[in-house]
>>> print(open('input.txt').read())   # compact mmCIF, C-alpha atoms
# COMPACT_ATOMS: atom_id res chain seq x y z
CA MET A 789 126.49 144.13 73.59
CA ALA A 790 122.74 143.48 73.75
CA ILE A 791 121.08 142.84 77.07
CA LYS A 792 120.15 139.14 77.39
CA ILE A 793 116.59 138.38 78.51
CA GLY A 794 115.13 135.04 79.54
CA MET A 795 111.51 134.13 80.11
CA VAL A 796 109.77 131.41 82.08
CA SER A 797 106.13 131.06 81.03
CA LEU A 798 103.90 129.11 83.39
CA GLY A 799 100.37 127.78 83.12
CA CYS A 800 98.29 127.24 80.02
CA SER A 801 99.04 127.41 76.31
CA LYS A 802 96.99 130.63 76.07
CA ASN A 803 99.46 132.29 78.44
CA GLN A 804 102.27 130.80 76.38
CA VAL A 805 101.03 132.57 73.25
CA ASP A 806 101.02 135.87 75.17
CA ALA A 807 104.63 135.14 76.15
CA GLU A 808 105.60 134.48 72.52
CA ILE A 809 104.18 137.83 71.44
CA MET A 810 106.15 139.61 74.19
CA LEU A 811 109.34 137.78 73.19
CA SER A 812 108.93 139.05 69.64
CA LEU A 813 108.48 142.61 70.90
CA LEU A 814 111.65 142.27 72.98
CA CYS A 815 113.59 141.04 69.94
CA GLN A 816 112.33 143.97 67.92
CA GLY A 817 113.38 146.22 70.81
CA GLY A 818 116.99 145.13 70.49
CA TYR A 819 117.20 142.63 73.34
CA GLU A 820 118.79 139.20 72.94
CA LEU A 821 116.76 136.18 74.01
CA CYS A 822 118.54 133.55 76.06
CA ALA A 823 117.19 130.23 77.37
CA ASP A 824 119.69 129.99 80.25
CA PRO A 825 118.68 132.31 83.13
CA SER A 826 122.21 132.19 84.55
CA GLN A 827 123.42 133.94 81.39
CA CYS A 828 120.72 136.64 81.44
CA GLN A 829 120.62 140.14 82.85
CA VAL A 830 116.80 140.15 82.95
CA VAL A 831 114.33 137.32 83.59
CA ILE A 832 110.59 137.58 82.95
CA VAL A 833 108.21 135.27 84.81
CA ASN A 834 104.96 135.05 82.85
CA THR A 835 102.76 133.77 85.64
CA CYS A 836 99.64 131.65 86.02
CA GLY A 837 97.07 132.60 88.65
CA PHE A 838 94.25 130.20 87.87
CA ILE A 839 94.25 127.87 90.88
CA GLU A 840 96.14 127.64 94.16
CA ASP A 841 98.80 125.18 92.99
CA ALA A 842 99.56 127.35 89.95
CA LYS A 843 99.82 130.47 92.08
CA ARG A 844 102.21 128.71 94.44
CA GLU A 845 104.42 127.62 91.53
CA SER A 846 104.44 131.18 90.18
CA ILE A 847 105.45 132.69 93.53
CA GLU A 848 108.19 130.09 94.06
CA THR A 849 109.60 130.82 90.61
CA ILE A 850 109.55 134.58 91.21
CA LEU A 851 111.34 134.19 94.56
CA GLU A 852 113.96 131.94 92.99
CA PHE A 853 114.90 134.67 90.50
CA CYS A 854 114.73 137.37 93.14
CA GLN A 855 117.35 135.39 95.07
CA MET A 856 119.52 135.29 91.94
CA LYS A 857 119.14 139.05 91.69
CA GLU A 858 120.24 139.49 95.33
CA GLN A 859 123.31 137.38 94.54
CA GLY A 860 124.17 139.76 91.71
CA LEU A 861 123.36 137.27 88.96
CA LEU A 862 120.47 139.31 87.54
CA LYS A 863 119.83 143.01 87.04
CA ALA A 864 116.04 142.86 86.97
CA VAL A 865 113.10 140.50 87.62
CA VAL A 866 109.92 141.14 85.64
CA VAL A 867 106.52 139.60 86.41
CA THR A 868 103.73 139.42 83.84
CA GLY A 869 100.68 137.20 83.23
CA CYS A 870 97.65 136.24 85.26
CA LEU A 871 99.15 136.53 88.75
CA ALA A 872 100.46 140.01 87.94
CA GLU A 873 97.03 140.99 86.67
CA ARG A 874 95.17 139.55 89.63
CA TYR A 875 97.49 140.41 92.55
CA ARG A 876 99.51 143.31 91.21
CA GLU A 877 99.22 145.63 94.22
CA GLU A 878 99.72 142.85 96.79
CA MET A 879 102.79 141.59 94.96
CA ALA A 880 104.25 145.10 94.79
CA VAL A 881 104.14 145.29 98.59
CA GLN A 882 105.03 141.70 99.50
CA ILE A 883 107.83 141.11 96.97
CA PRO A 884 109.70 144.42 96.79
CA GLU A 885 112.61 142.74 94.99
CA VAL A 886 110.53 142.51 91.80
CA ASP A 887 111.40 145.36 89.44
CA VAL A 888 108.44 145.21 87.05
CA ILE A 889 104.86 144.02 87.58
CA LEU A 890 102.74 144.35 84.46
CA GLY A 891 99.06 143.54 84.17
CA ILE A 892 97.99 141.81 80.95
CA GLY A 893 96.65 145.06 79.48
CA LYS A 894 100.21 146.38 79.42
CA ASN A 895 101.88 143.42 77.70
CA SER A 896 102.46 145.52 74.59
CA GLU A 897 104.63 147.86 76.69
CA ILE A 898 107.03 145.15 77.85
CA VAL A 899 110.02 146.70 76.03
CA ALA A 900 109.60 150.10 77.67
CA ALA A 901 109.01 148.48 81.08
CA VAL A 902 112.26 146.49 80.87
CA ARG A 903 114.19 149.61 79.78
CA ARG A 904 112.80 151.61 82.68
CA ALA A 905 113.73 148.85 85.13
CA LEU A 906 117.31 148.73 83.83
CA GLU A 907 117.48 152.48 84.36
CA GLY A 908 116.63 151.94 88.03
CA GLU A 909 112.89 152.65 88.02
CA ARG A 910 110.36 150.32 89.58
CA VAL A 911 107.37 149.72 87.29
CA VAL A 912 103.96 148.58 88.57
CA ASP A 913 101.40 149.14 85.85
CA SER A 914 98.09 147.92 84.51
CA GLY A 915 95.60 148.76 81.79
CA PRO A 916 92.21 147.65 80.51
CA LYS A 917 92.06 143.88 80.06
CA GLY A 918 90.83 144.46 76.53
CA ASP A 919 94.21 146.00 75.66
CA LEU A 920 95.87 142.58 75.84
CA PRO A 921 97.17 141.96 72.31
CA LEU A 922 95.23 139.16 70.63
CA GLU A 923 97.71 138.87 67.79
CA GLY A 924 101.15 139.90 66.65
CA GLU A 925 104.49 138.48 65.58
CA ARG A 926 105.59 135.61 67.81
CA VAL A 927 108.78 133.83 68.82
CA LEU A 928 107.60 130.24 69.06
CA THR A 929 108.57 128.44 72.25
CA THR A 930 107.10 125.17 71.00
CA PRO A 931 109.11 122.88 68.71
CA GLY A 932 109.01 124.25 65.18
CA TYR A 933 106.61 121.62 63.86
CA PHE A 934 103.62 122.54 66.05
CA ALA A 935 102.13 125.70 67.47
CA TYR A 936 99.17 126.99 69.42
CA LEU A 937 96.88 129.48 67.72
CA LYS A 938 94.70 131.62 69.98
CA ILE A 939 91.36 132.47 68.37
CA ALA A 940 89.70 134.33 71.26
CA GLU A 941 90.41 135.73 74.71
CA GLY A 942 88.41 136.09 77.92
CA CYS A 943 85.21 134.30 78.87
CA ASP A 944 81.52 135.12 79.37
CA ASN A 945 80.44 131.72 80.72
CA CYS A 946 80.93 132.87 84.34
CA CYS A 947 81.27 129.45 85.97
CA THR A 948 81.15 130.16 89.68
CA TYR A 949 84.46 128.44 90.48
CA CYS A 950 86.48 130.20 87.78
CA ALA A 951 88.56 133.37 88.10
CA ILE A 952 89.24 133.71 84.37
CA PRO A 953 86.59 136.42 83.74
CA LEU A 954 88.09 138.39 86.65
CA ILE A 955 91.59 138.04 85.22
CA ARG A 956 91.07 138.01 81.46
CA GLY A 957 87.83 139.92 81.01
CA ARG A 958 84.94 139.47 78.60
CA PHE A 959 85.00 137.02 75.70
CA ARG A 960 86.33 138.55 72.48
CA SER A 961 87.05 136.76 69.24
CA ARG A 962 89.73 137.56 66.73
CA PRO A 963 88.58 138.35 63.17
CA MET A 964 88.64 135.23 61.03
CA GLU A 965 90.89 136.81 58.41
CA THR A 966 93.68 137.54 60.90
CA ILE A 967 93.54 133.99 62.30
CA VAL A 968 93.81 132.46 58.83
CA GLU A 969 96.67 134.80 57.95
CA GLU A 970 98.56 133.89 61.13
CA ALA A 971 98.02 130.20 60.40
CA ARG A 972 99.42 130.75 56.92
CA ARG A 973 102.56 132.36 58.40
CA LEU A 974 102.99 129.53 60.91
CA ILE A 975 102.75 126.92 58.16
CA ALA A 976 105.22 128.84 56.00
CA GLY A 977 107.61 128.72 58.96
CA GLY A 978 107.43 124.93 59.17
CA VAL A 979 104.48 124.34 61.51
CA GLN A 980 102.55 121.21 60.54
CA GLU A 981 100.20 120.87 63.51
CA ILE A 982 98.08 123.79 64.71
CA ASN A 983 96.20 123.56 68.00
CA LEU A 984 93.33 126.04 68.29
CA ILE A 985 92.90 127.50 71.77
CA ALA A 986 90.68 129.93 73.68
CA GLN A 987 88.88 129.83 77.00
CA ASP A 988 85.94 128.49 74.96
CA THR A 989 86.78 127.74 71.33
CA SER A 990 83.25 126.57 70.54
CA ARG A 991 81.92 130.07 71.24
CA TYR A 992 84.21 131.59 68.64
CA GLY A 993 82.66 134.32 66.51
CA GLU A 994 79.47 134.88 68.50
CA ASP A 995 80.56 138.39 69.48
CA LEU A 996 81.83 139.35 66.01
CA TYR A 997 79.43 137.60 63.68
CA GLY A 998 76.33 137.00 65.81
CA THR A 999 76.63 133.23 65.56
CA TYR A 1000 79.01 130.43 66.50
CA SER A 1001 81.56 130.47 63.68
CA LEU A 1002 84.14 127.83 64.60
CA ALA A 1003 82.88 125.49 61.89
CA GLU A 1004 83.49 128.11 59.22
CA LEU A 1005 86.91 128.96 60.64
CA LEU A 1006 87.93 125.29 60.61
CA THR A 1007 86.78 124.93 57.01
CA ARG A 1008 88.91 127.89 55.95
CA LEU A 1009 91.95 126.68 57.85
CA CYS A 1010 91.71 123.25 56.26
CA ARG A 1011 92.17 124.85 52.84
CA LEU A 1012 95.70 125.98 53.73
CA GLU A 1013 98.38 124.00 51.94
CA GLY A 1014 101.10 122.47 54.11
CA LEU A 1015 98.92 121.97 57.18
CA ARG A 1016 98.81 118.33 58.26
CA TRP A 1017 96.95 118.32 61.59
CA LEU A 1018 94.42 120.76 63.04
CA ARG A 1019 93.33 120.14 66.63
CA VAL A 1020 90.51 121.81 68.59
CA LEU A 1021 90.87 122.30 72.36
CA TYR A 1022 88.57 123.65 75.10
CA CYS A 1023 85.07 123.27 73.65
CA TYR A 1024 82.24 124.21 76.01
CA PRO A 1025 79.53 121.49 75.86
CA ASP A 1026 76.61 123.89 75.42
CA HIS A 1027 78.12 125.30 72.23
CA LEU A 1028 78.78 122.09 70.29
CA THR A 1029 76.67 122.48 67.16
CA ASP A 1030 75.96 119.72 64.69
CA GLN A 1031 77.51 121.92 62.03
CA LEU A 1032 80.77 121.96 63.99
CA LEU A 1033 80.73 118.20 64.54
CA GLU A 1034 80.01 117.56 60.87
CA VAL A 1035 82.94 119.72 59.77
CA MET A 1036 85.22 117.93 62.23
CA ALA A 1037 84.10 114.57 60.85
CA ARG A 1038 84.39 115.63 57.21
CA GLU A 1039 87.71 117.45 57.06
CA GLU A 1040 90.70 115.13 56.86
CA LYS A 1041 93.15 117.64 58.33
CA ILE A 1042 91.15 117.93 61.57
CA VAL A 1043 92.30 115.21 63.94
CA LYS A 1044 89.37 113.29 65.38
CA TYR A 1045 89.96 114.61 68.87
CA ILE A 1046 87.85 117.02 70.86
CA ASP A 1047 88.46 118.44 74.31
CA ILE A 1048 85.19 119.11 76.19
CA PRO A 1049 85.79 120.15 79.82
CA LEU A 1050 82.60 118.99 81.60
CA GLN A 1051 83.73 119.60 85.22
CA HIS A 1052 81.00 117.40 86.76
CA CYS A 1053 77.89 115.38 85.97
CA SER A 1054 75.63 115.88 88.99
CA GLY A 1055 72.74 118.22 88.17
CA PRO A 1056 72.83 120.07 91.52
CA VAL A 1057 76.62 120.49 91.39
CA LEU A 1058 76.53 121.73 87.79
CA LYS A 1059 73.79 124.19 88.71
CA ALA A 1060 75.91 125.48 91.60
CA MET A 1061 78.75 125.86 89.09
CA ASN A 1062 76.45 127.93 86.84
CA ARG A 1063 76.62 125.20 84.23
CA THR A 1064 73.81 123.23 82.65
CA GLY A 1065 73.03 119.54 82.23
CA ASP A 1066 73.18 116.40 84.31
CA ARG A 1067 74.57 112.90 84.00
CA GLU A 1068 71.93 111.69 81.55
CA SER A 1069 72.15 114.71 79.24
CA LEU A 1070 75.94 114.62 79.22
CA LEU A 1071 75.99 110.91 78.43
CA ARG A 1072 73.63 111.62 75.52
CA LEU A 1073 75.89 114.42 74.34
CA MET A 1074 78.99 112.20 74.41
CA ALA A 1075 77.11 109.49 72.51
CA HIS A 1076 75.99 112.09 69.96
CA VAL A 1077 79.55 113.35 69.46
CA ARG A 1078 80.79 109.80 68.96
CA GLU A 1079 78.00 109.13 66.47
CA LYS A 1080 78.80 112.29 64.51
CA ILE A 1081 82.59 111.75 64.57
CA PRO A 1082 83.30 108.00 64.32
CA GLY A 1083 86.49 107.03 66.14
CA VAL A 1084 86.75 110.35 67.96
CA THR A 1085 89.02 110.69 70.97
CA LEU A 1086 87.15 112.48 73.76
CA ARG A 1087 89.06 114.35 76.44
CA THR A 1088 87.48 115.96 79.48
CA THR A 1089 88.44 117.52 82.79
CA LEU A 1090 86.49 117.15 86.01
CA ILE A 1091 86.47 118.90 89.37
CA ALA A 1092 86.12 116.88 92.58
CA GLY A 1093 85.22 118.36 95.95
CA PHE A 1094 83.17 121.34 94.77
CA PRO A 1095 81.35 123.09 97.67
CA GLY A 1096 78.27 121.13 98.65
CA GLU A 1097 79.31 118.03 96.68
CA THR A 1098 77.63 115.24 98.65
CA GLU A 1099 78.73 111.63 98.80
CA GLU A 1100 75.87 110.87 96.40
CA ASP A 1101 77.08 113.55 93.97
CA PHE A 1102 80.58 112.15 94.12
CA GLU A 1103 79.43 108.56 93.64
CA GLU A 1104 77.44 109.72 90.60
CA LEU A 1105 80.60 111.33 89.22
CA CYS A 1106 82.49 108.06 89.60
CA ARG A 1107 79.69 106.15 87.84
CA PHE A 1108 79.72 108.72 85.07
CA VAL A 1109 83.44 108.18 84.48
CA LYS A 1110 82.82 104.45 84.11
CA GLU A 1111 79.83 104.96 81.81
CA ALA A 1112 81.21 107.67 79.56
CA ARG A 1113 84.58 105.93 79.07
CA PHE A 1114 86.55 108.97 78.02
CA GLU A 1115 89.71 108.18 76.10
CA ARG A 1116 91.49 110.99 77.95
CA LEU A 1117 90.50 112.42 81.34
CA GLY A 1118 91.96 114.60 84.06
CA CYS A 1119 90.44 115.36 87.46
CA PHE A 1120 91.42 118.22 89.74
CA ALA A 1121 90.61 119.02 93.33
CA TYR A 1122 88.41 122.11 93.61
CA SER A 1123 90.43 125.26 94.33
CA GLN A 1124 88.66 127.93 96.42
CA GLU A 1125 89.46 131.10 94.50
CA GLU A 1126 88.85 134.43 96.19
CA GLY A 1127 86.55 136.75 94.28
CA THR A 1128 84.57 133.90 92.74
CA PRO A 1129 80.97 133.12 93.79
CA ALA A 1130 81.85 129.51 94.66
CA ALA A 1131 84.37 130.67 97.26
CA LEU A 1132 81.45 131.95 99.37
CA LEU A 1133 79.25 128.87 99.02
CA PRO A 1134 78.49 126.77 102.09
CA GLY A 1135 79.72 123.21 102.30
CA GLN A 1136 83.41 123.84 101.58
CA LEU A 1137 85.37 120.58 101.87
CA ASP A 1138 88.82 120.39 103.43
CA GLU A 1139 91.86 120.05 101.19
CA GLU A 1140 92.59 116.46 102.11
CA GLU A 1141 89.07 115.33 101.24
CA LYS A 1142 89.07 117.21 97.93
CA ARG A 1143 92.36 115.65 96.91
CA ARG A 1144 91.20 112.22 98.05
CA ARG A 1145 88.14 112.46 95.83
CA ALA A 1146 90.15 113.64 92.83
CA GLU A 1147 92.52 110.71 93.27
CA ILE A 1148 89.60 108.26 93.41
CA VAL A 1149 88.24 109.62 90.12
CA MET A 1150 91.63 109.17 88.46
CA ASN A 1151 91.80 105.63 89.83
CA GLU A 1152 88.40 104.94 88.26
CA GLN A 1153 89.74 106.22 84.93
CA MET A 1154 92.97 104.22 85.04
CA PRO A 1155 91.62 100.83 83.83
CA ILE A 1156 89.62 102.61 81.14
CA ALA A 1157 92.75 104.36 79.91
CA PHE A 1158 94.64 101.07 79.87
CA GLN A 1159 91.82 99.43 77.90
CA VAL A 1160 91.82 102.32 75.41
CA SER A 1161 95.56 101.86 74.91
CA ALA A 1162 95.21 98.09 74.54
CA SER A 1163 92.51 98.57 71.88
CA GLN A 1164 95.10 100.22 69.63
CA VAL A 1165 97.37 97.16 69.52
CA GLY A 1166 97.46 95.77 65.99
CA LYS A 1167 96.54 99.10 64.38
CA THR A 1168 98.82 101.29 62.32
CA LEU A 1169 98.71 104.94 63.38
CA PRO A 1170 100.20 108.13 61.96
CA VAL A 1171 102.68 109.50 64.48
CA LEU A 1172 104.30 112.93 64.68
CA VAL A 1173 107.90 112.30 65.74
CA GLU A 1174 109.04 114.38 68.71
CA GLY A 1175 112.52 112.98 69.23
CA MET A 1176 114.12 110.24 71.29
CA ASP A 1177 112.98 109.08 74.71
CA GLU A 1178 116.09 109.26 76.90
CA GLU A 1179 114.93 106.57 79.31
CA THR A 1180 114.13 103.87 76.74
CA GLY A 1181 116.28 104.95 73.82
CA LEU A 1182 113.23 104.67 71.56
CA TYR A 1183 111.75 107.24 69.24
CA CYS A 1184 108.75 109.00 70.73
CA GLY A 1185 105.88 110.91 69.22
CA ARG A 1186 102.17 111.59 69.29
CA SER A 1187 99.26 110.03 67.45
CA PRO A 1188 96.12 112.00 66.49
CA MET A 1189 94.72 110.84 69.85
CA ASP A 1190 97.28 112.88 71.78
CA ALA A 1191 97.44 116.63 72.31
CA PRO A 1192 100.83 118.19 73.13
CA ASP A 1193 102.03 118.16 76.73
CA ILE A 1194 98.89 116.62 78.27
CA ASP A 1195 98.28 113.21 76.69
CA THR A 1196 100.14 109.95 76.14
CA ARG A 1197 102.94 109.10 73.71
CA VAL A 1198 103.88 106.49 71.16
CA LEU A 1199 107.30 104.87 71.70
CA PHE A 1200 108.65 103.05 68.67
CA THR A 1201 111.62 101.55 66.91
CA SER A 1202 112.58 102.35 63.36
CA GLY A 1203 114.81 100.73 60.78
CA ARG A 1204 115.82 104.15 59.48
CA PRO A 1205 116.60 107.46 61.17
CA CYS A 1206 113.52 109.57 61.98
CA ARG A 1207 113.74 113.31 62.35
CA GLU A 1208 111.82 115.50 64.77
CA GLY A 1209 108.67 116.87 63.13
CA GLU A 1210 108.37 114.01 60.66
CA PHE A 1211 105.19 111.98 60.25
CA VAL A 1212 105.65 108.21 60.23
CA GLN A 1213 103.29 105.24 60.18
CA VAL A 1214 103.73 103.11 63.30
CA GLU A 1215 102.37 99.61 63.80
CA ILE A 1216 101.25 99.38 67.43
CA THR A 1217 102.55 96.18 69.02
CA GLY A 1218 102.00 96.78 72.74
CA THR A 1219 101.60 99.20 75.62
CA GLU A 1220 103.88 100.63 78.30
CA GLY A 1221 101.69 102.03 81.06
CA TYR A 1222 99.49 104.60 79.37
CA ASP A 1223 101.81 104.85 76.35
CA LEU A 1224 101.74 102.82 73.16
CA THR A 1225 104.74 100.94 71.76
CA GLY A 1226 105.39 99.86 68.21
CA ARG A 1227 107.63 99.92 65.18
CA ALA A 1228 107.75 102.26 62.22
CA CYS A 1229 106.51 100.74 59.00
>>> encode(input="input.txt", output="structure tokens")
Amino acid sequence: MAIKIGMVSLGCSKNQVDAEIMLSLLCQGGYELCADPSQCQVVIVNTCGFIEDAKRESIETILEFCQMKEQGLLKAVVVTGCLAERYREEMAVQIPEVDVILGIGKNSEIVAAVRRALEGERVVDSGPKGDLPLEGERVLTTPGYFAYLKIAEGCDNCCTYCAIPLIRGRFRSRPMETIVEEARRLIAGGVQEINLIAQDTSRYGEDLYGTYSLAELLTRLCRLEGLRWLRVLYCYPDHLTDQLLEVMAREEKIVKYIDIPLQHCSGPVLKAMNRTGDRESLLRLMAHVREKIPGVTLRTTLIAGFPGETEEDFEELCRFVKEARFERLGCFAYSQEEGTPAALLPGQLDEEEKRRRAEIVMNEQMPIAFQVSASQVGKTLPVLVEGMDEETGLYCGRSPMDAPDIDTRVLFTSGRPCREGEFVQVEITGTEGYDLTGRAC
């Protein structure tokens, strides 16, 4: 009987793709995948180590499975992902119950590591960050109708608050041909929505082709038959070319949605972050994007409480939120990450103040978000059905304005059965909090 293996993947969609590649390797290695940890002999925790809250969640999850192992319910606990890469040696000492700790450069050796652990060996191993597989067969952990497609790994932007270059290494793009071929396989398997991801998608191709090549990649992907929606996430503002915006406006398969993490708007704060721009230039950029892509949904993320952020800086950030009127926005309290330049800056704020400021920003966004939702009433939107909402008993899905897992939903009634993964036209008749409500046409 095959050994059953379960995996919990934490953090971002980029980490999730890494997990899917490892799951495929485990299947090829003769292991049986199982979604119920209580039925498994081995559990893999694919960790996130980006900010403090994510690290805490990863550690709590690891300890939970270590306790199951002590109770005789598991034979081995395996830790992979960003936390294993960043704190491998510390974890080996502080959590001796863990059987395998693999840095990201050793992901391709997951099968051998699990085998060695089941034979009684403890495995703590790492390799060059550049050895992390950028592609390979995957076992999708998303619903079958949508998938993430990683087009690059690592980051060269070196924002002072960010540990990603320390964890993931230098920016490296995948060859365009392999991305298109993987997209073709995903579509053949039933995927209708592809979400392009990287630490900085807008920088795609610079290292391989000497120029930003996302526009060309999008054009080629849009030629694939069977693809309905193509979504672009994580675009760095400095790399948004007019060519890219024009392709996004022109191609019907590209949803008019762009995620541009700005982090702040104050010139001095952005400079301390090793980012460019200020409130005026960013407002001009947002206006330019909206002019180039009529009806675009703009998403951004902001950081409140960065070291040295004065009351004036913070007030400017709140004004910026009101002026820019993002359709989608998230704000996070600054996390002081060891090994990053920002961790050593003077003017560190206490945790309570950072969280207070982040909450204020979200409160500033709330009426804007409600107004954005209200503006959709009376329109008919295409909606990707994702199932039934247990609380309301209504069908639920996403419009082009909504990325998976992070944005709002459309709740609707239908005079006929709707299946998961189907596209339906929904007349929007009202709102429920941030969500839209309506009825299928």
>>> closest_residue(input="input.txt", among="A:Glu1179, A:Glu925, A:Asp944, A:Glu970", to="Arg991 in chain A", atoms="all atoms listed in the file")
A:Asp944
>>> atom_distance(input="input.txt", atom1="CA of Ser1161 in chain A", atom2="CA of Ala1228 in chain A")
17.6 Å
>>> residues_around(input="input.txt", residues="range 859-875 of chain A", least_positions_apart="4", cutoff="9 Å", atoms="all atoms listed in the file", output="PyMOL selection string")
chain A and resi 797-798+803+806-807+825-838+843+846-847+850+853-855+879-880+885-895+898+901-902+905-906+914+917+952+954-956
>>> residues_near_point(input="input.txt", point="(87.7, 124.3, 75.8)", cutoff="10 Å", atoms="only C-alpha atoms", output="VMD selection string")
chain A and resid 984 to 991 1020 to 1025 1046 to 1050 1088 to 1089
>>> residues_around(input="input.txt", residues="Glu1034 in chain A", least_positions_apart="5", cutoff="10 Å", atoms="all atoms listed in the file", output="MDAnalysis selection string")
chainID A and resid 1003 1029 1039 1077 1080:1081
>>> write_last_selection(input="input.txt", atoms="C-alpha atoms", output="tab-separated table (two decimals), in the coordinates of the input")
chain	number	residue	atom	x	y	z
A	1003	ALA	CA	82.88	125.49	61.89
A	1029	THR	CA	76.67	122.48	67.16
A	1039	GLU	CA	87.71	117.45	57.06
A	1077	VAL	CA	79.55	113.35	69.46
A	1080	LYS	CA	78.80	112.29	64.51
A	1081	ILE	CA	82.59	111.75	64.57
>>> closest_residue(input="input.txt", among="A:Val1160, A:Met856, A:Val1173, A:Ile883", to="Val912 in chain A", atoms="only C-alpha atoms")
A:Ile883
>>> atom_distance(input="input.txt", atom1="CA of His1027 in chain A", atom2="CA of Cys946 in chain A")
14.6 Å
>>> residues_around(input="input.txt", residues="range 1056-1067 of chain A", least_positions_apart="6", cutoff="8 Å", atoms="only C-alpha atoms", output="list in words")
Cys946, Cys947, Thr948, Tyr949, Asp1026, Phe1094, Gly1096, Glu1097, Asp1101, Glu1104, Phe1108 and Ala1130 of chain A
>>> atom_distance(input="input.txt", atom1="CA of Ala1191 in chain A", atom2="CA of Ala1157 in chain A")
15.2 Å
>>> closest_residue(input="input.txt", among="A:Cys950, A:Pro1170, A:Glu1103, A:Gly915", to="Glu1126 in chain A", atoms="all atoms listed in the file")
A:Cys950
>>> residues_around(input="input.txt", residues="Val1171 in chain A", least_positions_apart="3", cutoff="10 Å", atoms="all atoms listed in the file", output="ChimeraX atom specification")
/A:1168,1174,1184-1190,1197-1200,1209-1215,1228
>>> closest_residue(input="input.txt", among="A:Pro1134, A:Gly1093, A:Pro1155, A:Gly1203", to="Phe1120 in chain A", atoms="all atoms listed in the file")
A:Gly1093
>>> closest_residue(input="input.txt", among="A:Gln816, A:Thr849, A:Asn945, A:Gln980", to="Glu1208 in chain A", atoms="all atoms listed in the file")
A:Gln980
